[in-house]
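To keep things clear, I will list the structure first and then write my remarks on it.
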Amino acid sequence: MSPEALVQPVSLQPTAQHQASTEAEQFDAHVMTTYARFPVVLERGEGCRVWDTEGREYLDFVAGIATCALGHAHPALIDAVSQQMRKLHHVSNLYYIPEQGQLAQWLVEHSCADRAFFCNSGAEANEAAIKLARKYAHIQRGISEPVIITALASFHGRTLATITATGQPKYQKNFDPLMPGFHYVPYNDLAALEAAVEALEGRVCAILLEALQGEGGVRPGDRAYFQRIRELCNEKGILLILDEVQVGMGRSGKLWGYENLGIEPDIFTSAKALGGGVPIGAMLCKEFCNVFGPGDHASTFGGNPLACAAGLCVAQTLVSDGLIENAAERGAQLQAGLNELVSRFPNLLDHARGWGLIQGLVLKEDNGLTAPALVKTALEQGLLLVPAGPKVVRFVPPLIVTAEEIDRALTIVAEALTAIV
Ligand SMILES: *Cc1c(COP(=O)(O)O)cnc(C)c1O
């Protein structure tokens, strides 16, 4: 393709429909098919709404898959990123980056952690946590072949180490050999975890879990389970790592998912909402396990001024605009509304579960309705949703969502269910 063709301006009218299908064809001819895509080209957003190239409006309850905490085109994020762009957008970590220091300070002051390392994504944040836990095992505990226990139905990313950590065969198939040093247990099952720690005889260096399993079906962690794990880790010198990539930064109605469990992890990771849609990830830890030294870990883009300016803006806006409280209140409204739908459509729906603004609508096992089918029907009726497995529909709207928008989304889901019945 000629360079001119790449910079052709996209004209929307009067042939927008034709344009959308042309764009999809052009896309499919050049981009790897790693996603099954809806035939929709989104081109503009504002708040909790997005518009496609055909001018159709959607209520966005996917929010870039839980990234766009401030919604779309938020004035504060626009200002923060454009001002930083004019000043200095990227320098190497060979030099001090004040915005990175400020974001690290904010995160440390607002969590149980003492230190932060920055990268660009959730998978990378988990990679950093895995490396830190392994180094800690080698130098502090003298474990030569450390094992990290993770949960079945978990999700930790798509790199080789993180697909290995992810306890779902569908993400691992055809990519073996996987990484050594991982062991899986069923989530929220204390007896299974205690048995695994026992069986691995002192080789367990860390337990890595999501506070609430997101991709694996919006399954909240059980408080008693996590409290006993915390005790077990203290007894045995095992590091407790929580993957907060999806629930962290206010989505659960608390700043961090672990606050819902009444425990503190030794290490935790953040990404998705941290930059409000600008790519950034972070791995945070307590001082006692801060065993990285110069040269141990690095990232070219990690913690650059642009990403950190975005992160700082998200952090400050969460606080100044009361978005964590909003997530709790709107989340309660959403869950109550979903439960009402469960009683209205008992043949299709089983129950609703989640924390704050990460809610899962669980479909009945014994009927033909699948999460992708309901998501497709909702999309046709103007609501963006995303499955979390074959039988759970996930609701992760921006944290700025209003009561009216929650009501509107619930109305659309009811209409979609009525259309399906
Ligand atoms: C999305 C997600 C990841 C992976 O994040 P990427 O930015 O896609 O690498 C890891 N853990 C959890 C819990 C996630 O939801």
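If you're wondering about the labels, chains in the structure tokens are A, B, ... by order shown, residues count from 1 in each chain, ligands from 1 in order shown.
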Please identify all protein, DNA and RNA residues within 7 Å of ligand 1, counting only C-alpha atoms and all ligand atoms, and report them as a list of chain:residue names.
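Checking only C-alpha atoms and all ligand atoms against ligand 1 at 7 Å gives A:Ser121, A:Gly122, A:Ala123, A:Glu124, A:Phe155, A:His156, A:Gly157, A:Arg158, A:Glu210, A:Gln213, A:Gly214, A:Glu215, A:Asp243, A:Glu244, A:Val245, A:Gln246, A:Ala271, A:Lys272.
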Write out as a PyMOL selection string each polymer residue whose atoms come within 9 Å of region 393-403 of chain A, counting only C-alpha atoms; drop sequence neighbours fewer than 3 positions from it.
chain A and resi 47-48+59-63+65-72+214-215+217-218+250-251+318+321+323-324+326-327+329-330+333-334+357-363+370-372+374-375+384-390+406-408
With distances taken over only C-alpha atoms, which residue among A:Leu209, A:Cys289, A:Leu306, A:Ala416 lies nearest Glu380 (chain A)?
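Nearest to Glu380 (chain A): A:Ala416.
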Once DSSP has gone over the backbone, tell me which residues of region 349-388 of chain A are in strand (DSSP E or B), as a PDB file with all heavy atoms, in the first residue's frame.
```
ATOM      1  N   LEU A 349     -31.578 -16.328  33.432  1.00  0.00           N
ATOM      2  CA  LEU A 349     -30.537 -15.763  34.289  1.00  0.00           C
ATOM      3  C   LEU A 349     -30.444 -16.491  35.616  1.00  0.00           C
ATOM      4  O   LEU A 349     -31.456 -16.886  36.185  1.00  0.00           O
ATOM      5  CB  LEU A 349     -30.824 -14.275  34.548  1.00  0.00           C
ATOM      6  CG  LEU A 349     -31.071 -13.419  33.302  1.00  0.00           C
ATOM      7  CD1 LEU A 349     -31.373 -11.975  33.719  1.00  0.00           C
ATOM      8  CD2 LEU A 349     -29.866 -13.463  32.368  1.00  0.00           C
ATOM      9  N   ASP A 350     -29.232 -16.648  36.098  1.00  0.00           N
ATOM     10  CA  ASP A 350     -29.031 -17.355  37.360  1.00  0.00           C
ATOM     11  C   ASP A 350     -28.838 -16.396  38.525  1.00  0.00           C
ATOM     12  O   ASP A 350     -29.577 -16.411  39.481  1.00  0.00           O
ATOM     13  CB  ASP A 350     -27.834 -18.296  37.232  1.00  0.00           C
ATOM     14  CG  ASP A 350     -27.841 -19.332  38.325  1.00  0.00           C
ATOM     15  OD1 ASP A 350     -28.536 -20.349  38.142  1.00  0.00           O
ATOM     16  OD2 ASP A 350     -27.190 -19.105  39.363  1.00  0.00           O
ATOM     17  N   HIS A 351     -27.812 -15.562  38.462  1.00  0.00           N
ATOM     18  CA  HIS A 351     -27.599 -14.562  39.514  1.00  0.00           C
ATOM     19  C   HIS A 351     -26.617 -13.507  39.021  1.00  0.00           C
ATOM     20  O   HIS A 351     -26.028 -13.653  37.950  1.00  0.00           O
ATOM     21  CB  HIS A 351     -27.102 -15.213  40.810  1.00  0.00           C
ATOM     22  CG  HIS A 351     -25.740 -15.838  40.716  1.00  0.00           C
ATOM     23  ND1 HIS A 351     -25.483 -17.005  40.028  1.00  0.00           N
ATOM     24  CD2 HIS A 351     -24.540 -15.441  41.218  1.00  0.00           C
ATOM     25  CE1 HIS A 351     -24.201 -17.314  40.126  1.00  0.00           C
ATOM     26  NE2 HIS A 351     -23.597 -16.379  40.831  1.00  0.00           N
ATOM     27  N   ALA A 352     -26.488 -12.450  39.821  1.00  0.00           N
ATOM     28  CA  ALA A 352     -25.512 -11.405  39.533  1.00  0.00           C
ATOM     29  C   ALA A 352     -24.490 -11.401  40.655  1.00  0.00           C
ATOM     30  O   ALA A 352     -24.823 -11.682  41.803  1.00  0.00           O
ATOM     31  CB  ALA A 352     -26.202 -10.049  39.450  1.00  0.00           C
ATOM     32  N   ARG A 353     -23.226 -11.096  40.299  1.00  0.00           N
ATOM     33  CA  ARG A 353     -22.207 -11.050  41.351  1.00  0.00           C
ATOM     34  C   ARG A 353     -21.120 -10.059  40.954  1.00  0.00           C
ATOM     35  O   ARG A 353     -20.939  -9.759  39.764  1.00  0.00           O
ATOM     36  CB  ARG A 353     -21.603 -12.445  41.589  1.00  0.00           C
ATOM     37  CG  ARG A 353     -20.831 -12.965  40.407  1.00  0.00           C
ATOM     38  CD  ARG A 353     -20.406 -14.422  40.621  1.00  0.00           C
ATOM     39  NE  ARG A 353     -19.771 -14.937  39.426  1.00  0.00           N
ATOM     40  CZ  ARG A 353     -19.739 -16.223  39.072  1.00  0.00           C
ATOM     41  NH1 ARG A 353     -20.325 -17.128  39.805  1.00  0.00           N
ATOM     42  NH2 ARG A 353     -19.126 -16.604  37.977  1.00  0.00           N
ATOM     43  N   GLY A 354     -20.408  -9.566  41.945  1.00  0.00           N
ATOM     44  CA  GLY A 354     -19.317  -8.641  41.664  1.00  0.00           C
ATOM     45  C   GLY A 354     -19.127  -7.660  42.797  1.00  0.00           C
ATOM     46  O   GLY A 354     -19.788  -7.762  43.845  1.00  0.00           O
ATOM     47  N   TRP A 355     -18.208  -6.731  42.586  1.00  0.00           N
ATOM     48  CA  TRP A 355     -17.936  -5.653  43.539  1.00  0.00           C
ATOM     49  C   TRP A 355     -18.009  -4.346  42.774  1.00  0.00           C
ATOM     50  O   TRP A 355     -17.367  -4.225  41.710  1.00  0.00           O
ATOM     51  CB  TRP A 355     -16.518  -5.754  44.096  1.00  0.00           C
ATOM     52  CG  TRP A 355     -16.245  -6.894  45.014  1.00  0.00           C
ATOM     53  CD1 TRP A 355     -17.123  -7.598  45.779  1.00  0.00           C
ATOM     54  CD2 TRP A 355     -14.938  -7.454  45.289  1.00  0.00           C
ATOM     55  NE1 TRP A 355     -16.452  -8.564  46.503  1.00  0.00           N
ATOM     56  CE2 TRP A 355     -15.116  -8.485  46.225  1.00  0.00           C
ATOM     57  CE3 TRP A 355     -13.644  -7.182  44.833  1.00  0.00           C
ATOM     58  CZ2 TRP A 355     -14.055  -9.243  46.717  1.00  0.00           C
ATOM     59  CZ3 TRP A 355     -12.590  -7.923  45.319  1.00  0.00           C
ATOM     60  CH2 TRP A 355     -12.796  -8.956  46.259  1.00  0.00           C
ATOM     61  N   ILE A 358     -17.630  -3.665  38.786  1.00  0.00           N
ATOM     62  CA  ILE A 358     -17.337  -4.874  38.001  1.00  0.00           C
ATOM     63  C   ILE A 358     -18.379  -5.903  38.423  1.00  0.00           C
ATOM     64  O   ILE A 358     -18.331  -6.449  39.524  1.00  0.00           O
ATOM     65  CB  ILE A 358     -15.880  -5.381  38.139  1.00  0.00           C
ATOM     66  CG1 ILE A 358     -15.704  -6.663  37.322  1.00  0.00           C
ATOM     67  CG2 ILE A 358     -15.439  -5.557  39.598  1.00  0.00           C
ATOM     68  CD1 ILE A 358     -14.265  -7.031  37.018  1.00  0.00           C
ATOM     69  N   GLN A 359     -19.383  -6.067  37.570  1.00  0.00           N
ATOM     70  CA  GLN A 359     -20.495  -6.960  37.874  1.00  0.00           C
ATOM     71  C   GLN A 359     -20.611  -8.004  36.765  1.00  0.00           C
ATOM     72  O   GLN A 359     -20.385  -7.696  35.587  1.00  0.00           O
ATOM     73  CB  GLN A 359     -21.804  -6.166  37.964  1.00  0.00           C
ATOM     74  CG  GLN A 359     -21.861  -5.193  39.145  1.00  0.00           C
ATOM     75  CD  GLN A 359     -21.948  -5.896  40.502  1.00  0.00           C
ATOM     76  OE1 GLN A 359     -22.463  -7.020  40.608  1.00  0.00           O
ATOM     77  NE2 GLN A 359     -21.427  -5.253  41.543  1.00  0.00           N
ATOM     78  N   GLY A 360     -20.968  -9.206  37.174  1.00  0.00           N
ATOM     79  CA  GLY A 360     -21.180 -10.286  36.219  1.00  0.00           C
ATOM     80  C   GLY A 360     -22.621 -10.762  36.290  1.00  0.00           C
ATOM     81  O   GLY A 360     -23.144 -10.982  37.383  1.00  0.00           O
ATOM     82  N   LEU A 361     -23.255 -10.871  35.132  1.00  0.00           N
ATOM     83  CA  LEU A 361     -24.599 -11.443  35.061  1.00  0.00           C
ATOM     84  C   LEU A 361     -24.415 -12.890  34.621  1.00  0.00           C
ATOM     85  O   LEU A 361     -23.978 -13.151  33.489  1.00  0.00           O
ATOM     86  CB  LEU A 361     -25.451 -10.658  34.062  1.00  0.00           C
ATOM     87  CG  LEU A 361     -26.904 -11.095  33.900  1.00  0.00           C
ATOM     88  CD1 LEU A 361     -27.662 -11.028  35.222  1.00  0.00           C
ATOM     89  CD2 LEU A 361     -27.602 -10.224  32.851  1.00  0.00           C
ATOM     90  N   VAL A 362     -24.711 -13.800  35.545  1.00  0.00           N
ATOM     91  CA  VAL A 362     -24.446 -15.225  35.299  1.00  0.00           C
ATOM     92  C   VAL A 362     -25.686 -15.855  34.678  1.00  0.00           C
ATOM     93  O   VAL A 362     -26.777 -15.791  35.252  1.00  0.00           O
ATOM     94  CB  VAL A 362     -24.070 -15.945  36.615  1.00  0.00           C
ATOM     95  CG1 VAL A 362     -23.686 -17.395  36.340  1.00  0.00           C
ATOM     96  CG2 VAL A 362     -22.939 -15.203  37.322  1.00  0.00           C
ATOM     97  N   LEU A 363     -25.509 -16.466  33.504  1.00  0.00           N
ATOM     98  CA  LEU A 363     -26.629 -17.080  32.787  1.00  0.00           C
ATOM     99  C   LEU A 363     -26.866 -18.494  33.305  1.00  0.00           C
ATOM    100  O   LEU A 363     -25.944 -19.148  33.785  1.00  0.00           O
ATOM    101  CB  LEU A 363     -26.324 -17.126  31.286  1.00  0.00           C
ATOM    102  CG  LEU A 363     -25.863 -15.796  30.667  1.00  0.00           C
ATOM    103  CD1 LEU A 363     -25.585 -15.985  29.176  1.00  0.00           C
ATOM    104  CD2 LEU A 363     -26.895 -14.700  30.889  1.00  0.00           C
ATOM    105  N   LEU A 383     -25.874  -0.991  23.460  1.00  0.00           N
ATOM    106  CA  LEU A 383     -25.124  -1.115  24.720  1.00  0.00           C
ATOM    107  C   LEU A 383     -23.922  -2.029  24.501  1.00  0.00           C
ATOM    108  O   LEU A 383     -24.075  -3.165  24.061  1.00  0.00           O
ATOM    109  CB  LEU A 383     -26.030  -1.702  25.818  1.00  0.00           C
ATOM    110  CG  LEU A 383     -25.347  -2.053  27.140  1.00  0.00           C
ATOM    111  CD1 LEU A 383     -24.847  -0.791  27.862  1.00  0.00           C
ATOM    112  CD2 LEU A 383     -26.305  -2.832  28.053  1.00  0.00           C
ATOM    113  N   LEU A 384     -22.731  -1.538  24.842  1.00  0.00           N
ATOM    114  CA  LEU A 384     -21.532  -2.364  24.732  1.00  0.00           C
ATOM    115  C   LEU A 384     -21.298  -3.097  26.048  1.00  0.00           C
ATOM    116  O   LEU A 384     -21.232  -2.497  27.114  1.00  0.00           O
ATOM    117  CB  LEU A 384     -20.304  -1.508  24.414  1.00  0.00           C
ATOM    118  CG  LEU A 384     -20.357  -0.650  23.152  1.00  0.00           C
ATOM    119  CD1 LEU A 384     -19.006   0.027  22.917  1.00  0.00           C
ATOM    120  CD2 LEU A 384     -20.751  -1.470  21.925  1.00  0.00           C
ATOM    121  N   VAL A 386     -19.239  -7.046  27.566  1.00  0.00           N
ATOM    122  CA  VAL A 386     -18.209  -8.009  27.188  1.00  0.00           C
ATOM    123  C   VAL A 386     -18.417  -9.295  27.994  1.00  0.00           C
ATOM    124  O   VAL A 386     -18.748  -9.231  29.182  1.00  0.00           O
ATOM    125  CB  VAL A 386     -16.792  -7.393  27.391  1.00  0.00           C
ATOM    126  CG1 VAL A 386     -16.528  -7.042  28.852  1.00  0.00           C
ATOM    127  CG2 VAL A 386     -15.705  -8.317  26.856  1.00  0.00           C
ATOM    128  N   PRO A 387     -18.268 -10.464  27.353  1.00  0.00           N
ATOM    129  CA  PRO A 387     -18.385 -11.708  28.116  1.00  0.00           C
ATOM    130  C   PRO A 387     -17.198 -11.893  29.068  1.00  0.00           C
ATOM    131  O   PRO A 387     -16.127 -11.327  28.858  1.00  0.00           O
ATOM    132  CB  PRO A 387     -18.349 -12.805  27.040  1.00  0.00           C
ATOM    133  CG  PRO A 387     -18.564 -12.121  25.731  1.00  0.00           C
ATOM    134  CD  PRO A 387     -18.036 -10.728  25.909  1.00  0.00           C
TER     135      PRO A 387
END
```
Taking only region 3-168 of chain A into account, list the residues labelled alpha helix (DSSP H) by DSSP (computed from the backbone), as number ranges by chain.
A: 3-6, 16-28, 63-66, 75-87, 98-109, 122-141, 160-165
